[in-house]
>>> print(open('my_file-v7.cif').read())   # mmCIF, C-alpha atoms
data_upload
loop_
_atom_site.label_atom_id
_atom_site.label_comp_id
_atom_site.auth_asym_id
_atom_site.auth_seq_id
_atom_site.Cartn_x
_atom_site.Cartn_y
_atom_site.Cartn_z
CA MET A 1 36.20 174.59 33.77
CA THR A 2 34.15 172.01 31.93
CA ILE A 3 35.90 169.37 29.82
CA LEU A 4 33.96 167.28 27.35
CA GLU A 5 34.13 163.56 28.12
CA GLN A 6 37.58 162.04 27.56
CA PRO A 7 38.69 158.37 27.68
CA ASP A 8 40.25 157.11 30.92
CA ASP A 9 43.41 156.28 28.99
CA TRP A 10 44.57 159.51 27.37
CA THR A 11 46.56 157.56 24.73
CA GLU A 12 43.44 155.85 23.33
CA PRO A 13 43.33 156.51 19.57
CA GLY A 14 40.61 158.68 18.09
CA ALA A 15 39.39 162.26 17.80
CA HIS A 16 38.27 163.23 21.29
CA PRO A 17 36.22 166.45 21.57
CA VAL A 18 37.55 169.15 23.89
CA ARG A 19 35.28 171.99 22.86
CA PRO A 20 32.94 172.26 19.85
CA GLY A 21 35.24 172.33 16.84
CA VAL A 22 38.36 171.27 18.76
CA HIS A 23 39.47 167.63 19.04
CA ARG A 24 42.43 165.96 20.76
CA VAL A 25 44.11 163.24 18.68
CA PRO A 26 46.70 161.02 20.44
CA LEU A 27 49.39 159.83 18.05
CA PRO A 28 51.79 156.94 18.72
CA LEU A 29 55.49 157.44 19.41
CA PRO A 30 58.42 155.09 18.77
CA SER A 31 60.03 155.65 22.18
CA ASN A 32 59.69 153.53 25.31
CA GLY A 33 59.28 156.44 27.71
CA LEU A 34 56.44 158.41 26.12
CA HIS A 35 53.79 156.37 24.34
CA ALA A 36 51.85 159.15 22.61
CA VAL A 37 51.75 162.83 21.74
CA ASN A 38 48.56 164.87 21.43
CA ALA A 39 47.80 166.63 18.20
CA TYR A 40 44.84 169.03 18.29
CA VAL A 41 42.52 169.49 15.33
CA ILE A 42 40.74 172.84 15.08
CA GLU A 43 37.90 173.27 12.59
CA SER A 44 38.17 176.41 10.47
CA PRO A 45 36.61 177.73 7.24
CA GLU A 46 39.94 177.10 5.50
CA GLY A 47 40.05 173.47 6.58
CA PRO A 48 41.33 171.74 9.71
CA VAL A 49 44.21 173.39 11.52
CA VAL A 50 46.48 170.99 13.41
CA VAL A 51 48.47 172.02 16.49
CA ASP A 52 51.53 169.74 16.74
CA SER A 53 51.73 166.82 14.39
CA GLY A 54 53.51 163.79 15.83
CA TRP A 55 56.59 161.87 14.75
CA ALA A 56 56.90 161.21 11.03
CA MET A 57 56.27 157.48 10.66
CA PRO A 58 53.56 155.32 9.06
CA ASP A 59 51.68 154.60 12.31
CA THR A 60 51.43 158.31 13.08
CA GLU A 61 50.16 159.18 9.62
CA LYS A 62 47.62 156.35 9.81
CA ALA A 63 46.33 157.45 13.24
CA LEU A 64 46.02 161.08 12.18
CA ALA A 65 44.32 160.13 8.90
CA GLU A 66 41.80 157.92 10.71
CA ALA A 67 40.99 160.63 13.27
CA LEU A 68 40.50 163.20 10.51
CA ARG A 69 38.31 160.75 8.58
CA THR A 70 35.94 160.49 11.55
CA LEU A 71 35.67 164.29 11.43
CA GLY A 72 34.95 164.27 7.70
CA HIS A 73 38.40 165.29 6.50
CA ARG A 74 41.44 163.86 4.69
CA LEU A 75 45.10 164.54 5.36
CA ALA A 76 45.17 166.65 2.21
CA ASP A 77 42.47 168.92 3.70
CA VAL A 78 44.72 170.18 6.53
CA ALA A 79 45.16 173.89 5.97
CA CYS A 80 48.08 174.48 8.29
CA VAL A 81 50.12 172.86 11.05
CA LEU A 82 51.15 175.11 13.94
CA VAL A 83 54.02 173.59 15.90
CA THR A 84 54.86 174.47 19.50
CA HIS A 85 58.54 173.46 19.22
CA ALA A 86 61.03 171.62 17.08
CA HIS A 87 61.24 168.24 18.78
CA TRP A 88 60.63 165.39 16.36
CA ASP A 89 57.42 164.23 18.03
CA HIS A 90 55.90 167.64 17.33
CA TYR A 91 57.53 168.85 14.12
CA SER A 92 58.54 166.02 11.81
CA GLN A 93 55.10 164.76 10.76
CA ALA A 94 54.21 168.33 9.80
CA LEU A 95 57.14 168.30 7.38
CA ALA A 96 56.00 164.94 6.01
CA LEU A 97 52.51 166.37 5.39
CA ARG A 98 54.05 169.34 3.63
CA GLY A 99 56.08 167.00 1.43
CA ALA A 100 53.01 164.96 0.50
CA PHE A 101 50.30 167.62 0.26
CA GLY A 102 51.93 171.04 0.37
CA THR A 103 50.55 171.70 3.87
CA ARG A 104 51.78 175.00 5.33
CA VAL A 105 53.94 174.61 8.47
CA ARG A 106 54.74 177.32 11.03
CA ILE A 107 56.82 177.17 14.22
CA GLY A 108 58.23 179.61 16.79
CA ARG A 109 60.95 181.89 15.42
CA GLY A 110 63.22 181.07 18.35
CA GLU A 111 63.61 177.52 17.03
CA ARG A 112 65.48 178.71 13.95
CA PRO A 113 69.05 178.37 15.35
CA SER A 114 68.54 174.72 16.35
CA ILE A 115 66.69 173.82 13.13
CA GLU A 116 69.44 175.33 11.00
CA ALA A 117 72.30 173.83 13.05
CA PHE A 118 70.94 170.27 13.18
CA ASP A 119 73.31 167.81 11.51
CA LEU A 120 72.80 164.12 12.14
CA GLU A 121 76.41 163.45 11.17
CA LYS A 122 77.44 165.24 14.36
CA GLY A 123 75.23 162.97 16.46
CA LEU A 124 71.83 163.43 18.05
CA TYR A 125 73.01 165.51 21.02
CA PRO A 126 76.37 167.15 20.23
CA ARG A 127 75.91 170.15 22.52
CA GLN A 128 74.58 167.94 25.32
CA VAL A 129 77.71 165.77 25.11
CA GLU A 130 79.83 168.89 25.65
CA LEU A 131 77.71 169.99 28.58
CA LEU A 132 77.81 166.54 30.19
CA ARG A 133 81.61 166.63 30.16
CA ARG A 134 81.53 170.05 31.81
CA CYS A 135 79.16 168.56 34.40
CA GLY A 136 81.68 165.87 35.30
CA ALA A 137 79.60 163.12 33.66
CA ALA A 138 82.24 161.94 31.18
CA GLU A 139 81.03 158.33 31.11
CA ILE A 140 77.46 159.34 30.29
CA ALA A 141 78.82 161.72 27.65
CA ASP A 142 80.84 158.93 26.05
CA HIS A 143 77.80 156.65 25.88
CA ILE A 144 75.60 159.37 24.40
CA ALA A 145 78.25 160.34 21.85
CA THR A 146 78.64 156.75 20.61
CA GLU A 147 75.00 155.63 20.87
CA GLU A 148 73.76 154.14 17.62
CA ILE A 149 71.20 156.19 15.72
CA SER A 150 68.06 154.19 15.01
CA ASP A 151 66.35 154.00 11.64
CA TYR A 152 63.34 155.97 12.84
CA GLU A 153 65.69 158.76 13.94
CA ARG A 154 67.85 158.68 10.82
CA ASP A 155 64.91 158.80 8.41
CA VAL A 156 63.05 161.69 10.03
CA PRO A 157 62.47 164.71 7.73
CA TRP A 158 64.18 167.92 8.79
CA LYS A 159 63.82 171.29 7.07
CA LEU A 160 62.94 174.90 7.76
CA PRO A 161 59.21 175.71 8.10
CA ASP A 162 57.16 177.80 5.69
CA GLY A 163 56.85 180.58 8.23
CA TRP A 164 57.60 181.59 11.79
CA LEU A 165 55.32 182.24 14.75
CA ASP A 166 56.21 185.45 16.59
CA ASP A 167 55.56 186.37 20.20
CA GLY A 168 52.47 188.58 20.43
CA GLU A 169 51.15 187.54 17.02
CA ARG A 170 47.52 186.60 16.50
CA VAL A 171 46.91 183.75 14.06
CA SER A 172 43.39 183.82 12.62
CA PHE A 173 41.44 181.27 10.60
CA GLY A 174 38.01 182.81 10.05
CA PRO A 175 36.42 183.21 13.50
CA VAL A 176 39.18 181.15 15.18
CA GLY A 177 41.89 183.32 16.74
CA LEU A 178 45.02 182.01 18.46
CA ASP A 179 47.40 184.30 20.33
CA VAL A 180 51.07 183.29 20.22
CA PHE A 181 53.20 183.55 23.36
CA ALA A 182 56.91 182.75 23.44
CA THR A 183 57.59 180.39 26.35
CA PRO A 184 61.30 179.49 26.20
CA GLY A 185 62.73 176.89 28.55
CA HIS A 186 61.85 173.43 27.30
CA THR A 187 63.35 174.71 24.06
CA ARG A 188 64.48 178.26 23.34
CA GLY A 189 61.77 178.80 20.71
CA HIS A 190 58.85 177.05 22.38
CA VAL A 191 55.50 178.80 21.98
CA VAL A 192 52.04 178.26 23.41
CA LEU A 193 48.84 179.14 21.58
CA ARG A 194 45.93 180.64 23.47
CA ASP A 195 42.30 180.69 22.33
CA ALA A 196 40.90 183.21 24.79
CA ALA A 197 37.36 183.01 23.43
CA ALA A 198 37.17 179.24 23.89
CA GLY A 199 39.19 179.22 27.12
CA LEU A 200 41.93 176.94 25.80
CA LEU A 201 45.73 176.88 26.06
CA PHE A 202 47.54 174.68 23.57
CA ALA A 203 50.54 174.23 25.84
CA GLY A 204 52.85 171.90 23.91
CA ASP A 205 55.49 170.66 26.34
CA HIS A 206 55.60 173.88 28.37
CA VAL A 207 53.00 172.74 30.91
CA LEU A 208 52.39 169.00 31.21
CA PRO A 209 49.95 167.50 33.73
CA HIS A 210 52.07 164.57 34.94
CA ILE A 211 55.63 165.27 33.75
CA THR A 212 58.19 167.93 34.57
CA PRO A 213 59.39 169.09 31.13
CA SER A 214 63.06 168.70 30.27
CA LEU A 215 65.11 171.85 29.78
CA GLY A 216 67.14 172.92 26.75
CA LEU A 217 67.28 169.61 24.89
CA GLU A 218 68.20 171.05 21.49
CA VAL A 219 71.17 171.69 19.25
CA VAL A 220 71.52 175.34 20.29
CA PRO A 221 70.08 175.48 23.81
CA ASP A 222 69.18 178.56 25.78
CA PRO A 223 72.22 179.45 27.93
CA LYS A 224 69.90 179.89 30.95
CA PRO A 225 67.10 177.35 30.35
CA LEU A 226 65.77 177.16 33.91
CA ARG A 227 65.61 180.92 34.32
CA SER A 228 63.77 181.16 31.00
CA TYR A 229 61.44 178.31 31.92
CA LEU A 230 60.46 179.77 35.29
CA ASP A 231 59.85 183.18 33.68
CA SER A 232 57.67 181.47 31.06
CA LEU A 233 55.67 179.68 33.74
CA ARG A 234 55.05 182.99 35.51
CA LEU A 235 53.99 184.52 32.19
CA VAL A 236 51.32 181.85 31.75
CA ARG A 237 50.27 182.14 35.38
CA GLY A 238 49.62 185.84 34.77
CA MET A 239 47.03 185.08 32.09
CA PRO A 240 43.38 184.29 32.87
CA ASP A 241 43.05 180.59 33.64
CA THR A 242 41.96 178.18 30.89
CA LEU A 243 41.76 174.50 30.13
CA LEU A 244 45.20 172.91 29.80
CA LEU A 245 45.66 171.16 26.44
CA PRO A 246 49.05 169.47 26.85
CA ALA A 247 51.12 167.58 24.32
CA HIS A 248 51.48 164.59 26.65
CA GLY A 249 48.75 163.60 29.08
CA PRO A 250 45.04 164.29 29.50
CA VAL A 251 43.27 167.62 29.17
CA THR A 252 42.92 169.16 32.63
CA PRO A 253 40.63 171.94 33.89
CA SER A 254 43.23 174.48 35.06
CA VAL A 255 46.51 175.71 33.64
CA HIS A 256 47.17 177.70 36.81
CA THR A 257 46.93 174.68 39.10
CA ARG A 258 49.63 172.81 37.22
CA VAL A 259 51.83 175.90 36.81
CA GLU A 260 51.81 176.38 40.59
CA GLU A 261 52.80 172.74 41.07
CA LEU A 262 55.70 173.12 38.64
CA LEU A 263 56.93 176.31 40.30
CA VAL A 264 56.84 174.61 43.71
CA HIS A 265 58.64 171.58 42.27
CA HIS A 266 61.52 173.68 41.01
CA GLU A 267 61.78 175.59 44.27
CA GLN A 268 62.07 172.25 46.06
CA ARG A 269 64.70 171.08 43.58
CA LEU A 270 66.68 174.27 44.10
CA ASP A 271 66.60 173.69 47.86
CA ALA A 272 67.64 170.04 47.46
CA THR A 273 70.42 171.00 45.04
CA LEU A 274 71.79 173.61 47.43
CA HIS A 275 71.68 171.09 50.30
CA ALA A 276 73.64 168.57 48.21
CA VAL A 277 76.39 171.11 47.51
CA ARG A 278 76.55 172.10 51.17
CA SER A 279 76.87 168.39 51.97
CA GLY A 280 79.93 168.03 49.75
CA ALA A 281 78.77 167.39 46.17
CA GLY A 282 80.78 169.56 43.80
CA THR A 283 79.78 168.90 40.19
CA ALA A 284 76.39 168.62 38.53
CA TYR A 285 76.98 164.89 38.16
CA GLU A 286 77.75 164.49 41.87
CA VAL A 287 74.67 166.49 42.82
CA ALA A 288 72.50 164.42 40.45
CA LEU A 289 73.81 161.27 42.14
CA ALA A 290 72.68 162.68 45.49
CA LEU A 291 69.14 163.59 44.38
CA PRO A 292 66.07 161.36 43.93
CA TRP A 293 64.52 161.15 40.46
CA THR A 294 60.96 160.64 39.20
CA ARG A 295 57.93 160.19 41.42
CA ARG A 296 59.34 156.83 42.47
CA ARG A 297 62.41 158.62 43.89
CA ARG A 298 64.86 156.48 41.93
CA THR A 299 68.63 156.98 41.96
CA LEU A 300 70.47 158.36 38.97
CA ASP A 301 72.05 154.96 38.30
CA ASP A 302 68.57 153.40 38.13
CA LEU A 303 67.59 155.60 35.17
CA ASP A 304 68.09 154.71 31.52
CA LEU A 305 70.90 156.49 29.67
CA PHE A 306 68.71 159.15 28.05
CA SER A 307 67.06 159.98 31.39
CA GLN A 308 70.47 160.17 33.07
CA MET A 309 71.49 162.77 30.51
CA LEU A 310 68.35 164.82 31.15
CA ALA A 311 68.79 164.52 34.93
CA VAL A 312 72.39 165.73 34.93
CA LEU A 313 71.64 168.63 32.59
CA GLU A 314 68.59 169.65 34.63
CA THR A 315 70.78 169.59 37.75
CA ASP A 316 73.30 171.80 35.98
CA ALA A 317 70.52 174.28 35.15
CA HIS A 318 69.53 174.44 38.83
CA LEU A 319 73.15 174.92 39.90
CA ASP A 320 73.54 177.69 37.33
CA LEU A 321 70.49 179.51 38.68
CA LEU A 322 71.75 179.18 42.27
CA THR A 323 75.04 180.70 41.12
CA ASP A 324 73.19 183.59 39.49
CA GLN A 325 71.34 184.09 42.79
CA GLY A 326 74.66 184.38 44.61
CA VAL A 327 74.24 181.42 46.95
CA LEU A 328 76.82 179.31 45.08
CA VAL A 329 80.09 180.08 43.35
CA ALA A 330 81.41 178.17 40.33
CA ALA A 331 84.91 177.48 39.05
CA ASP A 332 86.12 175.53 36.02
CA LEU A 333 89.04 173.11 36.37
CA ASP A 334 90.26 171.06 33.42
CA GLY A 335 86.95 171.53 31.63
CA VAL A 336 84.76 170.50 34.59
CA ARG A 337 82.69 173.02 36.52
CA ALA A 338 82.61 172.69 40.30
CA TYR A 339 80.31 174.50 42.71
CA ALA A 340 80.67 175.53 46.33
CA PRO A 341 78.64 177.58 48.82
CA SER A 342 79.35 181.30 48.54
#
>>> encode(input="my_file-v7.cif", output="structure tokens")
Amino acid sequence: MTILEQPDDWTEPGAHPVRPGVHRVPLPLPSNGLHAVNAYVIESPEGPVVVDSGWAMPDTEKALAEALRTLGHRLADVACVLVTHAHWDHYSQALALRGAFGTRVRIGRGERPSIEAFDLEKGLYPRQVELLRRCGAAEIADHIATEEISDYERDVPWKLPDGWLDDGERVSFGPVGLDVFATPGHTRGHVVLRDAAAGLLFAGDHVLPHITPSLGLEVVPDPKPLRSYLDSLRLVRGMPDTLLLPAHGPVTPSVHTRVEELLVHHEQRLDATLHAVRSGAGTAYEVALALPWTRRRRTLDDLDLFSQMLAVLETDAHLDLLTDQGVLVAADLDGVRAYAPS
């Protein structure tokens, strides 16, 4: 599938055309790991529609305003922001735009429990701290629980949206029609938006070209995030192929190609996880210590604290699925879950 010319560096600022009337706008992030998030600007008779909005901070607002200016618009002209999921780098700038200009904001209905339960006084990752302890990763849990909250995290806006996006809904702006599909896994309320006529999938963090998305990083996570994620990948694979418009990374010509890679990746991780248990690892933390991480095949101890948390919890999700499949059995002892071959 044909992609209009894109810069070699996908994080380069600007409004980069994907299809006539659709532009990709990379927005800066405050984190060290991910340097940018893609917002997508869709022209409509009602004004520009933005898919995902970036992290609420001055640099993000400035980058989005400049990109819109090159397209002949102002921030106040944005008719609506459609958000794929409730992580701050997707949702919070939408709330800032609403506060400044009354912009309408909509997000997947499945995000409601985590949006309503979020309380910064309980820490950034209260449920993840509990899960880490169950995984046998008490030291990581202690560090996460006591990690200082930065100013850019403390000051982020957080409220309910103006409306929800429902699975199977069609959102229309004049001739532009986007079909909403629930794709839980990365978060329980994640949605993708499909423009069948233009051959585009606004994939959020569900399908990323270079990264394996994290699972269940939210206040009220899906109890079976890997099962949900794999089902959601198969759902997207069952659709006609389109261009992949990811939240992080460049536009690529085939959603199906990357979905197949992600499915294979998780099958390989399930095999490696099972092998680790058969070799004597008992808890999710012990299995995570035995597995390689990232494309550089780093050890768990080589990762930063946040990545260690994600790695252990992803391992736990794989162990949980293997237990559901009947190849492992699980038992809890003093609040720690241990696994063994069935």
>>> resolve_selection(input="my_file-v7.cif", expression="the PyMOL selection byres ((chain A and resi 165) around 9)", output="CSV table (one decimal) with C-alpha atoms, in the frame of the given file")
chain,number,residue,atom,x,y,z
A,82,LEU,CA,51.2,175.1,13.9
A,83,VAL,CA,54.0,173.6,15.9
A,106,ARG,CA,54.7,177.3,11.0
A,107,ILE,CA,56.8,177.2,14.2
A,108,GLY,CA,58.2,179.6,16.8
A,109,ARG,CA,61.0,181.9,15.4
A,110,GLY,CA,63.2,181.1,18.4
A,163,GLY,CA,56.8,180.6,8.2
A,164,TRP,CA,57.6,181.6,11.8
A,166,ASP,CA,56.2,185.4,16.6
A,167,ASP,CA,55.6,186.4,20.2
A,168,GLY,CA,52.5,188.6,20.4
A,169,GLU,CA,51.2,187.5,17.0
A,171,VAL,CA,46.9,183.8,14.1
A,180,VAL,CA,51.1,183.3,20.2
A,181,PHE,CA,53.2,183.6,23.4
A,182,ALA,CA,56.9,182.8,23.4
A,191,VAL,CA,55.5,178.8,22.0
>>> atom_distance(input="my_file-v7.cif", atom1="atom CA of Pro223 of chain A", atom2="atom CA of Ala317 of chain A")
9.0 Å
>>> residues_around(input="my_file-v7.cif", residues="Gly238 of chain A", least_positions_apart="3", cutoff="12 Å", atoms="all atoms listed in the file", output="list in words")
Asp231, Ser232, Leu233, Arg234, Leu235, Asp241, Thr242, Val255, His256, Val259 and Glu260 of chain A
>>> atom_distance(input="my_file-v7.cif", atom1="atom CA of Glu314 of chain A", atom2="atom CA of Val219 of chain A")
15.7 Å
>>> closest_residue(input="my_file-v7.cif", among="A:Leu263, A:Ala340, A:Val18, A:Cys135", to="Phe202 of chain A", atoms="only C-alpha atoms")
A:Val18
>>> atom_distance(input="my_file-v7.cif", atom1="atom CA of Ala138 of chain A", atom2="atom CA of Ala284 of chain A")
11.5 Å
>>> decode(input="my_file-v7.cif", residues="segment 42-54 of chain A", atoms="all heavy atoms", output="short mmCIF file (atom, residue, chain, number, x, y, z; two decimals), in the first residue's frame")
data_model
loop_
_atom_site.label_atom_id
_atom_site.label_comp_id
_atom_site.auth_asym_id
_atom_site.auth_seq_id
_atom_site.Cartn_x
_atom_site.Cartn_y
_atom_site.Cartn_z
N ILE A 42 -7.19 14.85 10.97
CA ILE A 42 -8.08 14.49 9.87
C ILE A 42 -8.92 15.71 9.52
O ILE A 42 -9.61 16.27 10.38
CB ILE A 42 -9.00 13.32 10.26
CG1 ILE A 42 -8.17 12.13 10.75
CG2 ILE A 42 -9.89 12.93 9.09
CD1 ILE A 42 -9.02 11.02 11.37
N GLU A 43 -8.86 16.14 8.27
CA GLU A 43 -9.69 17.26 7.83
C GLU A 43 -11.15 16.83 7.74
O GLU A 43 -11.45 15.74 7.25
CB GLU A 43 -9.22 17.76 6.46
CG GLU A 43 -7.77 18.26 6.43
CD GLU A 43 -7.62 19.63 7.07
OE1 GLU A 43 -8.64 20.24 7.48
OE2 GLU A 43 -6.47 20.10 7.16
N SER A 44 -12.05 17.67 8.23
CA SER A 44 -13.48 17.39 8.12
C SER A 44 -14.22 18.71 7.96
O SER A 44 -13.68 19.78 8.29
CB SER A 44 -13.97 16.64 9.36
OG SER A 44 -14.34 17.54 10.38
N PRO A 45 -15.47 18.67 7.47
CA PRO A 45 -16.24 19.91 7.33
C PRO A 45 -16.47 20.63 8.65
O PRO A 45 -16.70 21.84 8.66
CB PRO A 45 -17.57 19.42 6.73
CG PRO A 45 -17.26 18.10 6.09
CD PRO A 45 -16.18 17.50 6.93
N GLU A 46 -16.40 19.90 9.76
CA GLU A 46 -16.63 20.50 11.07
C GLU A 46 -15.36 21.11 11.67
O GLU A 46 -15.41 21.72 12.74
CB GLU A 46 -17.20 19.45 12.03
CG GLU A 46 -18.51 18.85 11.56
CD GLU A 46 -18.96 17.71 12.45
OE1 GLU A 46 -18.63 17.73 13.65
OE2 GLU A 46 -19.65 16.80 11.94
N GLY A 47 -14.24 20.91 10.98
CA GLY A 47 -12.95 21.33 11.51
C GLY A 47 -12.06 20.12 11.69
O GLY A 47 -12.51 18.97 11.54
N PRO A 48 -10.78 20.33 12.00
CA PRO A 48 -9.88 19.19 12.15
C PRO A 48 -10.29 18.28 13.30
O PRO A 48 -10.67 18.74 14.38
CB PRO A 48 -8.52 19.84 12.40
CG PRO A 48 -8.81 21.23 12.83
CD PRO A 48 -10.10 21.62 12.19
N VAL A 49 -10.21 16.98 13.04
CA VAL A 49 -10.41 15.96 14.05
C VAL A 49 -9.03 15.39 14.39
O VAL A 49 -8.27 15.03 13.48
CB VAL A 49 -11.36 14.85 13.56
CG1 VAL A 49 -11.47 13.73 14.59
CG2 VAL A 49 -12.72 15.43 13.23
N VAL A 50 -8.70 15.31 15.66
CA VAL A 50 -7.40 14.81 16.09
C VAL A 50 -7.57 13.44 16.74
O VAL A 50 -8.43 13.26 17.61
CB VAL A 50 -6.72 15.79 17.08
CG1 VAL A 50 -5.42 15.21 17.61
CG2 VAL A 50 -6.47 17.13 16.40
N VAL A 51 -6.78 12.48 16.29
CA VAL A 51 -6.74 11.16 16.91
C VAL A 51 -5.50 11.10 17.80
O VAL A 51 -4.37 11.19 17.31
CB VAL A 51 -6.70 10.04 15.86
CG1 VAL A 51 -6.57 8.67 16.55
CG2 VAL A 51 -7.94 10.07 14.98
N ASP A 52 -5.71 10.95 19.11
CA ASP A 52 -4.68 11.02 20.13
C ASP A 52 -4.08 12.43 20.16
O ASP A 52 -4.03 13.11 19.14
CB ASP A 52 -3.62 9.95 19.98
CG ASP A 52 -4.15 8.56 20.33
OD1 ASP A 52 -5.12 8.48 21.12
OD2 ASP A 52 -3.62 7.56 19.83
N SER A 53 -3.62 12.83 21.35
CA SER A 53 -3.37 14.26 21.51
C SER A 53 -2.06 14.62 22.15
O SER A 53 -1.70 15.79 22.22
CB SER A 53 -4.50 14.87 22.37
OG SER A 53 -4.48 14.28 23.67
N GLY A 54 -1.31 13.63 22.67
CA GLY A 54 -0.05 13.93 23.32
C GLY A 54 -0.20 14.21 24.80
O GLY A 54 -1.30 14.22 25.36
#
